[in-house]
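**Student:** Following this line is coords_3.txt, made up of compact mmCIF, C-alpha atoms:
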```txt
# COMPACT_ATOMS: atom_id res chain seq x y z
CA MET A 131 8.41 -2.81 -5.65
CA ILE A 132 10.74 -0.10 -6.83
CA THR A 133 11.29 2.77 -4.42
CA ARG A 134 13.40 5.87 -4.56
CA TYR A 135 17.01 6.01 -3.46
CA GLU A 136 17.09 8.29 -0.42
CA SER A 137 19.81 10.88 -0.87
CA PRO A 138 19.73 14.43 0.56
CA ILE A 139 21.92 15.75 -2.27
CA VAL A 140 19.52 14.57 -4.99
CA GLU A 141 16.52 15.88 -3.04
CA VAL A 142 17.98 19.36 -2.41
CA VAL A 143 19.18 19.75 -6.01
CA CYS A 144 15.74 18.71 -7.26
CA ARG A 145 13.97 21.16 -4.95
CA VAL A 146 16.24 24.02 -6.05
CA ILE A 147 16.13 23.31 -9.77
CA VAL A 148 12.39 22.65 -10.28
CA PRO A 149 11.08 26.26 -9.86
CA PHE A 150 13.63 27.55 -12.40
CA VAL A 151 12.65 24.85 -14.88
CA GLN A 152 8.98 25.77 -14.47
CA VAL A 153 9.60 29.50 -14.91
CA PHE A 154 11.63 28.76 -18.05
CA ALA A 155 8.78 26.59 -19.34
CA LEU A 156 6.29 29.44 -18.84
CA TYR A 157 8.68 31.77 -20.67
CA VAL A 158 8.92 29.32 -23.59
CA ILE A 159 5.12 28.98 -23.78
CA THR A 160 4.33 32.70 -23.71
CA HIS A 161 7.29 33.68 -25.92
CA GLY A 162 6.49 31.08 -28.56
CA HIS A 163 5.25 33.42 -31.29
CA TYR A 164 8.36 35.65 -31.25
CA GLY A 165 11.19 33.15 -31.04
CA PRO A 166 11.94 29.45 -30.83
CA GLY A 167 9.62 27.55 -28.58
CA GLY A 168 5.89 27.31 -28.28
CA GLY A 169 3.19 25.30 -26.63
CA PHE A 170 4.61 21.85 -27.34
CA GLN A 171 8.17 22.56 -26.18
CA GLY A 172 7.02 24.50 -23.13
CA GLY A 173 4.58 21.76 -22.19
CA VAL A 174 7.31 19.13 -22.48
CA ILE A 175 9.65 21.16 -20.23
CA LEU A 176 6.82 21.68 -17.71
CA ALA A 177 6.08 17.95 -17.77
CA ALA A 178 9.80 17.21 -17.33
CA SER A 179 9.84 19.31 -14.15
CA PHE A 180 6.95 17.28 -12.70
CA LEU A 181 8.63 14.03 -13.80
CA LEU A 182 11.79 15.18 -11.97
CA LEU A 183 9.71 15.73 -8.83
CA ARG A 184 8.21 12.25 -9.18
CA LEU A 185 11.63 10.66 -9.66
CA CYS A 186 13.35 12.49 -6.78
CA LEU A 187 10.70 12.79 -4.07
CA GLY A 188 8.83 9.52 -4.55
CA GLY A 189 5.14 8.90 -5.07
CA GLU A 190 3.43 10.33 -1.97
CA LEU A 191 5.09 13.76 -1.92
CA ALA A 192 5.04 14.28 -5.67
CA HIS A 193 1.39 13.27 -5.96
CA GLN A 194 0.56 16.15 -3.59
CA LYS A 195 2.13 18.58 -6.08
CA LEU A 196 0.25 17.20 -9.09
CA PRO A 197 -2.20 14.31 -8.48
CA PRO A 198 -2.46 11.80 -11.36
CA ARG A 199 -6.18 12.46 -11.83
CA LEU A 200 -5.53 16.22 -12.02
CA ALA A 201 -2.85 15.58 -14.67
CA ILE A 202 -5.32 13.68 -16.87
CA ALA A 203 -7.95 16.38 -16.25
CA LEU A 204 -5.43 19.07 -17.28
CA GLY A 205 -4.69 17.19 -20.48
CA ALA A 206 -8.38 16.94 -21.33
CA PHE A 207 -8.84 20.62 -20.46
CA GLY A 208 -6.03 21.57 -22.85
CA VAL A 209 -7.60 19.66 -25.73
CA LEU A 210 -10.97 21.25 -24.90
CA LEU A 211 -9.41 24.73 -24.89
CA TYR A 212 -7.83 24.10 -28.29
CA GLY A 213 -11.06 22.76 -29.77
CA LEU A 214 -13.20 25.58 -28.38
CA THR A 215 -10.76 28.20 -29.67
CA GLY A 216 -11.17 26.58 -33.06
CA LEU A 217 -14.96 26.22 -32.90
CA VAL A 218 -15.97 29.61 -31.45
CA PRO A 219 -14.80 31.59 -34.55
CA MET A 220 -16.87 29.18 -36.70
CA MET A 221 -19.99 30.17 -34.72
CA ALA A 222 -19.03 33.86 -35.11
CA GLY A 223 -18.89 33.57 -38.88
CA GLY A 224 -15.29 32.66 -39.68
CA GLN A 225 -13.31 29.54 -40.48
CA TYR A 226 -11.93 26.92 -38.06
CA LEU A 227 -9.14 28.50 -35.93
CA ASP A 228 -9.72 31.90 -37.58
CA TYR A 229 -8.55 34.04 -34.66
CA GLY A 230 -9.78 37.28 -36.23
CA HIS A 231 -13.39 36.29 -35.49
CA LEU A 232 -12.94 35.50 -31.79
CA PRO A 233 -15.65 37.36 -29.86
CA ILE A 234 -13.42 39.00 -27.24
CA PRO A 235 -14.60 42.54 -26.41
CA GLY A 236 -12.08 45.38 -26.46
CA VAL A 237 -9.44 43.92 -28.79
CA SER A 238 -9.48 43.69 -32.57
CA GLY A 239 -7.22 43.16 -35.56
CA ALA A 240 -3.66 42.00 -34.97
CA GLU A 241 -4.04 42.12 -31.21
CA LEU A 242 -7.02 39.76 -31.38
CA ARG A 243 -5.00 37.27 -33.46
CA TYR A 244 -2.18 37.57 -30.90
CA VAL A 245 -4.55 36.69 -28.05
CA GLY A 246 -5.99 33.78 -30.06
CA ILE A 247 -2.56 32.27 -30.74
CA LEU A 248 -1.66 32.66 -27.04
CA ILE A 249 -4.84 30.80 -25.95
CA VAL A 250 -4.11 27.97 -28.41
CA GLU A 251 -0.49 27.69 -27.20
CA ILE A 252 -1.65 27.48 -23.58
CA GLY A 253 -4.13 24.75 -24.56
CA ILE A 254 -1.40 22.74 -26.31
CA ALA A 255 0.90 23.14 -23.30
CA PHE A 256 -1.76 21.84 -20.89
CA GLY A 257 -2.52 18.91 -23.18
CA VAL A 258 1.13 17.86 -23.54
CA LEU A 259 1.76 18.28 -19.79
CA GLY A 260 -1.21 16.09 -18.85
CA ILE A 261 -0.47 13.34 -21.34
CA MET A 262 3.26 13.12 -20.52
CA VAL A 263 2.64 12.89 -16.76
CA GLY A 264 -0.21 10.45 -17.43
CA ILE A 265 2.03 8.11 -19.45
CA PHE A 266 4.64 8.13 -16.66
CA ASP A 267 2.06 7.46 -13.94
CA ASN A 268 0.56 4.62 -15.94
CA LEU A 269 3.97 3.01 -16.49
CA VAL A 270 4.97 3.28 -12.82
CA GLU A 271 1.57 2.18 -11.52
CA ARG A 272 1.60 -1.06 -13.48
CA GLN A 273 4.94 -2.29 -12.16
CA SER A 274 4.27 -1.73 -8.43
CA MET B 634 28.92 27.26 -40.55
CA ILE B 635 32.14 25.54 -39.52
CA TRP B 636 32.56 22.23 -41.31
CA GLN B 637 34.93 20.76 -38.71
CA ILE B 638 32.27 20.99 -35.97
CA ASP B 639 29.70 19.55 -38.38
CA PHE B 640 31.99 16.65 -39.32
CA TYR B 641 32.93 15.66 -35.77
CA LEU B 642 29.32 15.93 -34.58
CA LEU B 643 28.25 13.62 -37.42
CA VAL B 644 31.01 11.12 -36.54
CA ILE B 645 29.97 11.08 -32.87
CA LEU B 646 26.31 10.75 -33.94
CA ILE B 647 27.01 7.69 -36.11
CA ILE B 648 29.18 6.10 -33.40
CA THR B 649 26.46 6.53 -30.73
CA ALA B 650 23.81 5.15 -33.09
CA VAL B 651 25.82 2.04 -34.01
CA VAL B 652 26.88 1.35 -30.40
CA ALA B 653 23.29 1.82 -29.16
CA LEU B 654 22.14 -0.81 -31.65
CA GLU B 655 24.94 -3.28 -30.99
CA ILE B 656 25.34 -3.16 -27.20
CA ARG B 657 23.80 -5.95 -25.11
CA ASP B 658 23.05 -3.95 -21.94
CA LEU B 659 19.66 -2.29 -22.51
CA LEU B 660 20.23 0.44 -19.88
CA ALA B 661 23.42 1.50 -21.64
CA SER B 662 21.49 1.39 -24.89
CA VAL B 663 18.91 3.83 -23.50
CA ALA B 664 21.67 6.15 -22.27
CA LEU B 665 23.33 6.08 -25.69
CA LEU B 666 20.00 6.78 -27.36
CA THR B 667 19.52 9.94 -25.27
CA GLY B 668 23.08 10.90 -26.18
CA TYR B 669 22.20 10.36 -29.84
CA SER B 670 19.20 12.69 -29.43
CA PHE B 671 21.39 15.34 -27.84
CA PHE B 672 23.94 15.27 -30.65
CA MET B 673 21.08 15.35 -33.15
CA ALA B 674 19.81 18.49 -31.40
CA LEU B 675 23.29 20.04 -31.62
CA LEU B 676 23.39 19.26 -35.34
CA PHE B 677 19.94 20.80 -35.87
CA ALA B 678 20.98 23.94 -33.98
CA GLN B 679 24.19 24.11 -35.98
CA MET B 680 22.18 23.90 -39.21
CA GLY B 681 20.10 26.87 -38.07
CA SER B 682 16.75 25.26 -37.20
CA VAL B 683 16.56 26.26 -33.55
CA ASP B 684 12.93 25.23 -33.11
CA VAL B 685 13.51 21.62 -34.15
CA ALA B 686 16.66 21.49 -32.02
CA PHE B 687 14.66 22.76 -29.03
CA THR B 688 12.04 20.04 -29.49
CA GLU B 689 14.68 17.34 -29.94
CA ALA B 690 16.60 18.43 -26.83
CA ALA B 691 13.50 18.67 -24.63
CA LEU B 692 11.71 15.55 -25.85
CA GLY B 693 14.40 13.21 -27.17
CA ALA B 694 17.11 13.87 -24.62
CA GLY B 695 14.81 14.51 -21.66
CA VAL B 696 11.44 12.82 -21.42
CA THR B 697 12.02 9.86 -23.74
CA GLY B 698 14.92 8.65 -21.57
CA VAL B 699 12.68 8.62 -18.48
CA PHE B 700 9.96 6.69 -20.33
CA LEU B 701 12.42 4.14 -21.76
CA VAL B 702 14.04 3.54 -18.36
CA CYS B 703 10.55 3.03 -16.87
CA ALA B 704 9.69 0.59 -19.67
CA LEU B 705 12.97 -1.24 -18.99
CA PHE B 706 11.63 -2.50 -15.64
CA PHE B 707 9.23 -4.78 -17.55
CA LEU B 708 12.12 -6.41 -19.44
CA GLU B 709 15.34 -8.28 -18.82
CA ARG B 710 18.34 -6.01 -18.53
CA ARG B 711 20.43 -7.93 -21.06
CA SER B 712 19.03 -8.39 -24.55
CA ALA B 713 18.98 -11.91 -25.99
CA ASP B 714 20.08 -11.28 -29.56
```
Represent the structure of the file as structure tokens.

**Tutor:**
Amino acid sequence: MITRYESPIVEVVCRVIVPFVQVFALYVITHGHYGPGGGFQGGVILAASFLLLRLCLGGELAHQKLPPRLAIALGAFGVLLYGLTGLVPMMAGGQYLDYGHLPIPGVSGAELRYVGILIVEIGIAFGVLGIMVGIFDNLVERQS
Amino acid sequence: MIWQIDFYLLVILIITAVVALEIRDLLASVALLTGYSFFMALLFAQMGSVDVAFTEAALGAGVTGVFLVCALFFLERRSAD
């Protein structure tokens, strides 16, 4: 059985650094269409923050922050969000992932495409976050 | 573009790659592989492709190291060949 190495320095540094990492990940996700970044990179950074919590705080505490089942559910929800954003414009008369045909009331044109890209990026971020944390949980679970 | 930075980054990249392949200690090999990813990200950023460098730094130098260290617990620490 592999357990964590109890050290107050590691724990305090982890607790201080994790909120900043998560805020930076949200910035990368929502800023992805203007500059470098996007759903995949932001999701990986978000997953890395949760992996840091799992490494530093140990299983019981970190599983309260993000339970393994919730991580898998988030991954599935991200894939579902991506697929629905692709399929809904097809029902409204467009092509697959044609954001201009999304039936959102009140917005149209370039703004509608902006909202569509943002929804797809959030879906990708959720999917990557869930799968990364799921792989780590599966690896750790099998060796204990 | 400064060719001296490019040249020394490439030299360090090749050295980390060869040492990561040749070393017997698998934990040191994983550490060198993450170092390789980081220098690859620096090279990508220096060549102007910031998006690829971002992905390489977040995924190759961050999460892959954690996964490989976790996978190392299933194996012997010293490689046989």

**Student:** Tell me the residues of chain B close to chain A, meaning within 7 Å using only C-alpha atoms, as a ChimeraX atom specification.

**Tutor:** /B:683-684,687-688,691-692,696,700,703-704

**Student:** Write to file, as a PDB file, in the coordinates of the input, the residues of the selection just made, with C-alpha atoms.

**Tutor:**
```pdb
ATOM      1  CA  VAL B 683      16.560  26.260 -33.550  1.00  0.00           C
ATOM      2  CA  ASP B 684      12.930  25.230 -33.110  1.00  0.00           C
ATOM      3  CA  PHE B 687      14.660  22.760 -29.030  1.00  0.00           C
ATOM      4  CA  THR B 688      12.040  20.040 -29.490  1.00  0.00           C
ATOM      5  CA  ALA B 691      13.500  18.670 -24.630  1.00  0.00           C
ATOM      6  CA  LEU B 692      11.710  15.550 -25.850  1.00  0.00           C
ATOM      7  CA  VAL B 696      11.440  12.820 -21.420  1.00  0.00           C
ATOM      8  CA  PHE B 700       9.960   6.690 -20.330  1.00  0.00           C
ATOM      9  CA  CYS B 703      10.550   3.030 -16.870  1.00  0.00           C
ATOM     10  CA  ALA B 704       9.690   0.590 -19.670  1.00  0.00           C
TER      11      ALA B 704
END
```

**Student:** Between A:Leu204, A:Leu176, A:Val143, A:Val218, single out the one closest to A:Leu156, counting only C-alpha atoms.

**Tutor:**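 Of the candidates, the smallest distance to A:Leu156 is held by A:Leu176.
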
**Student:** Taking 3 positions as the minimum chain separation for residues in the same chain, which residues sit within 12 Å of B:Gln679 when counting only C-alpha atoms? Answer as an NGL selection string.

**Tutor:** :B and (634-640 or 642-643 or 672-676 or 682-687)

**Student:** Find the residues near A:Ala240: any atom within 12 Å, counting only C-alpha atoms, skip ones fewer than 6 places away on the same chain, and give them as an NGL selection string.

**Tutor:** :A and (229-232 or 246-247)

**Student:** Could you jot down the atom CA of A:Tyr244 to atom CA of A:Thr160 separation for me, Å, one decimal place?

**Tutor:** 10.9 Å

**Student:** Report, in Å to a single decimal, how far apart atom CA of A:Gly188 and atom CA of A:Cys144 are.

**Tutor:**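 Between these atoms lies a distance of 11.8 Å.
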
**Student:** What does the structure give for the distance between atom CA of B:Glu709 and atom CA of B:Thr667, in Å to one decimal?

**Tutor:**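 We find that atom CA of B:Glu709 and atom CA of B:Thr667 lie 19.8 Å from each other.
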
**Student:** For each of A:Leu217, A:Ala201, A:Leu242, A:Ile252, take the minimum atom-to-atom distance to A:Tyr157, counting all atoms listed in the file, then give the residue where this is smallest.

**Tutor:**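 Closest candidate: A:Ile252.
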
**Student:** With all atoms of stretch 636-646 of chain B from the file as input, state the centre and edge lengths in Å to one decimal of the axis-aligned box that has 5 Å extra on each side, as JSON.

**Tutor:**
```
{"center_x": 30.6, "center_y": 16.5, "center_z": -37.1, "size_x": 18.6, "size_y": 21.5, "size_z": 18.4}
```

**Student:** Identify, on the basis of only C-alpha atoms, every residue whose closest approach to A:Pro233 does not exceed 12 Å; exclude the query and any residue fewer than 5 positions from it along the same chain; express the result as a PyMOL selection string.

**Tutor:** chain A and resi 215+217-224+228+238-239+242-243+245-246

**Student:** With distances taken over only C-alpha atoms, which of A:Ala203, A:Gly208, A:Tyr226, A:Val237 is nearest to A:Gly169?

**Tutor:**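 Closest residue, counting only C-alpha atoms: A:Gly208.
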
**Student:** Given the choices A:Pro138, A:Ala206, A:Leu214, A:Pro235, which gets closest to A:Phe256 if the distance is worked out from all atoms listed in the file?

**Tutor:**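 Answer, going by the shortest atom-to-atom distance: A:Ala206.
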
**Student:** Restricting the calculation to all atoms listed in the file, which member of A:Leu259, A:Glu141, A:Leu183, A:Leu248 is positioned closest to A:Ala155?

**Tutor:**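 Checking each candidate against A:Ala155, we get A:Leu259 as the closest.
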
**Student:** So, with all atoms listed in the file as the atoms that count, which of A:Val148, A:Ile249, A:Val142, A:Val209 lies closest to A:Ile261?

**Tutor:**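 The shortest atom-to-atom distance to A:Ile261 comes from A:Val209.
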
**Student:** Taking (22.2, -6.4, -22.9) as a centre in this file's frame and 7 Å as the limit, can you find every polymer residue with an atom that close, using only C-alpha atoms, and give them as a PyMOL selection string?

**Tutor:** chain B and resi 656-659+710-712

**Student:** Can stretch 689-700 of chain B be brought up to N, CA, C and O atoms and written out as a tab-separated table (two decimals), keeping the file's coordinate frame?

**Tutor:**
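As a result, part-v3.tsv now contains:
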```tsv
chain	number	residue	atom	x	y	z
B	689	GLU	N	13.89	18.56	-30.06
B	689	GLU	CA	14.68	17.34	-29.94
B	689	GLU	C	15.37	17.28	-28.58
B	689	GLU	O	15.42	16.23	-27.95
B	690	ALA	N	15.89	18.43	-28.11
B	690	ALA	CA	16.60	18.43	-26.83
B	690	ALA	C	15.63	18.20	-25.68
B	690	ALA	O	15.95	17.50	-24.72
B	691	ALA	N	14.43	18.81	-25.75
B	691	ALA	CA	13.50	18.67	-24.63
B	691	ALA	C	12.86	17.29	-24.62
B	691	ALA	O	12.71	16.67	-23.57
B	692	LEU	N	12.47	16.80	-25.79
B	692	LEU	CA	11.71	15.55	-25.85
B	692	LEU	C	12.64	14.35	-25.97
B	692	LEU	O	12.55	13.40	-25.19
B	693	GLY	N	13.57	14.39	-26.94
B	693	GLY	CA	14.40	13.21	-27.17
B	693	GLY	C	15.42	12.97	-26.08
B	693	GLY	O	15.63	11.84	-25.66
B	694	ALA	N	16.06	14.05	-25.62
B	694	ALA	CA	17.11	13.87	-24.62
B	694	ALA	C	16.58	13.93	-23.21
B	694	ALA	O	17.30	13.60	-22.26
B	695	GLY	N	15.32	14.37	-23.01
B	695	GLY	CA	14.81	14.51	-21.66
B	695	GLY	C	13.77	13.48	-21.29
B	695	GLY	O	14.03	12.55	-20.51
B	696	VAL	N	12.58	13.60	-21.88
B	696	VAL	CA	11.44	12.82	-21.42
B	696	VAL	C	11.49	11.39	-21.93
B	696	VAL	O	11.12	10.46	-21.22
B	697	THR	N	12.00	11.21	-23.18
B	697	THR	CA	12.02	9.86	-23.74
B	697	THR	C	12.93	8.93	-22.93
B	697	THR	O	12.62	7.74	-22.77
B	698	GLY	N	14.04	9.48	-22.39
B	698	GLY	CA	14.92	8.65	-21.57
B	698	GLY	C	14.22	8.15	-20.32
B	698	GLY	O	14.35	6.98	-19.96
B	699	VAL	N	13.43	9.03	-19.68
B	699	VAL	CA	12.68	8.62	-18.48
B	699	VAL	C	11.69	7.52	-18.83
B	699	VAL	O	11.58	6.50	-18.14
B	700	PHE	N	10.96	7.69	-19.95
B	700	PHE	CA	9.96	6.69	-20.33
B	700	PHE	C	10.62	5.36	-20.66
B	700	PHE	O	10.12	4.29	-20.27
```
